[in-house]
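*Asks:* Have a look at the structure that comes next, please.
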Amino acid sequence: MKSLKSKIKNHKLIIGVIGLGYVGLPLAIRFSEEGFKIVGFDIDEEKVKLLNEGKSYIKHIKEADITAMANNGFKATSDFSKIAKVDAIIICVPTPLGVHNEPDLSYIHGTLENIKPHLKENQLLILESTTYPGTTEEILVPFIESILGSLPITHHSSLFTIGENFFLGYSPEREDPGNKNFTTKTIPKIVSGVTENCLELTKTLYDQIIDQTVPVSSPRVAEMTKIMENIHRAVNIGLVNELKILAHKMDIDIYEVINAAATKPFGFTPYYPGPGLGGHCIPIDPFYLTWKAKEVGLRTRFIELAGEINTNMPKYVVQKVGDALNSVGKSIKGSKILILGLAYKKNIDDLRESPSLELIDELIERGGNISFIDPFFKTIPRTRKHNIKLRGEKLNPQTLSSADLILLATDHDDFDYQMITDHSSLIVDTRGRLKSSKNVIKA
């Protein structure tokens with residue numbers, strides 16, 4: 001342990017980051033900025049190729065950052081045998097939901113199997129992927145302890161003793177893509193370890209790159225903390241989404257209400273409604289706890305209700321689109337509907353769980369003639385749930401005026417909202433971005 005800690009403090013540690021997406025890539029860059037040598041692992045050969053060419057595939061990550069990391073010795077690879085050459089391994093792979101909203105840990109299991117033959121003594125393994133409380137202790141600990149040493153298998157000789165010659169930690173990611181006010185360096189980071197030695201090494205490692213680390217007593221606490229953060233947002237967004245529907249029925253502008261309430265200097269935090277939840281955390285993580293709660297004989301009613309409301313928001317928006325078209329003697333079937341914005345939130349190029357994709361699928365199913373505009377996408381990349389083959393349009397008066405209805409799904413700052421308002425005959429605004437007028441319907 002002492003040699004490993006010394007390597008960390010002297011920035012001589014070689015770090016392997018597994019999963020080079022929205023979490024893993026910024027983390028790798030941050031470590032590299034502090035002089036650590038990084039090996040990046042990903043099963044996506046295209047990502048590996050682009051990184052080794054010095055190219056970025058994430059909008060808010062500059063190619064200059066990739067180049068600087070390469071100049072410090074960074075290499076991307078899909079060859080997991082190189083795990084044997086690193087001192088610390090950080091797993092940042094996706095944890096999606098299965099078809100029945102059950103946790104899908106296949107990426108974690110696949111990663112563990114890939115690295116198993118190449119693990120060695122005195123490595124530090126840290127999981128960053130969001131998951132249910134108990135994952136580290138129930139899955140990673142038995143996995144490490146099952147790796148046998150040189151004695152006959154009948155002696156049950158594990159190669160590793162956690163906390164003595166192998167170290168295991170959990171530190172949930174807290175990335176917010178597109179948020180310029182907070183970075184990997186400035187966002188406080190929760191750290192935990194299976195043993196005191198594991199915690200000490202995990203904390204020491206992140207102390208090198210993060211302004212403030214927050215140690216907690218166990219991986220379960222760290223896992224629960226991450227889930228709670230996202231449940232807090234999911235439940236409050238579910239609340240304002242429900243209130244939005246009620247406010248519309250009562251002819252009240254919910255956005256004006258929220259902004260008025262937000263002037264209270266205590267006891268109120270503004271959350272804003274939308275066409276549904278998106279991103280890699282909020283639509284998914286609450287269901288991890290719901291699943292785990294059932295395992296221990298409890299039901300998380302608040303979480304389930306919020307999930308139900310948020311999941312149904314795209315259908316509510318489609319209904320509002322239908323009502324808007326009906327008001328001018330048209331129907332969804334056969335109408336030209338232009339979607340503005342694909343990403344799950346504004347000013348980023350992230351489609352994960354985006355409600356825009358749900359809206360497009362639903363409108364196509366109802367016979368709509370659908371097109372889209374998004375400054376970050378020329379086409380719609382295939383996702384785990386969607387395979388939509390559309391090519392993006394250009395934002396100009398002709399495109400706007402030729403559509404029967406404009407659906408503002410993601411309010412990117414790059415959009416010219418004056419042009420949109422001036423040249424659109426009918427607009428359904430799901431983000432409260434536009435001022436109320438004859439041709440603007442809030443949804």
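How things are named: the first chain in the structure tokens is A, the next is B, and so on; residues count from 1 in each chain; ligands count from 1 in the order shown.
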Show me, as a PyMOL selection string, the residues that have an atom within 10 Å of A:Ser354 when counting only C-alpha atoms, minus same-chain residues fewer than 3 positions from it.
*Replies:* chain A and resi 275-280+283+341-345+350-351+357-359+409-410
*Asks:* Name the residues of stretch 109-334 of chain A that come out as helix (DSSP H, G or I) in a backbone DSSP run; write them as a count of residues only.
*Replies:* 112
*Asks:* What does the structure give for the distance between atom CA of A:Gly368 and atom CA of A:Gly238, in Å to one decimal?
*Replies:*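 For atom CA of A:Gly368 relative to atom CA of A:Gly238, the distance reads 27.8 Å.
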*Asks:* Using only C-alpha atoms for the distances, tell me which of A:Lys9, A:Lys294, A:Arg391, A:Lys244 is nearest to A:Leu338.
*Replies:*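 Looking only at the distances to A:Leu338, the closest residue turns out to be A:Arg391.
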*Asks:* Hey, which of A:His109, A:Lys5, A:Lys438, A:His60 ends up closest to A:Val328? Count only C-alpha atoms.
*Replies:*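 Comparing A:His109, A:Lys5, A:Lys438, A:His60 against A:Val328, the winner is A:Lys438.
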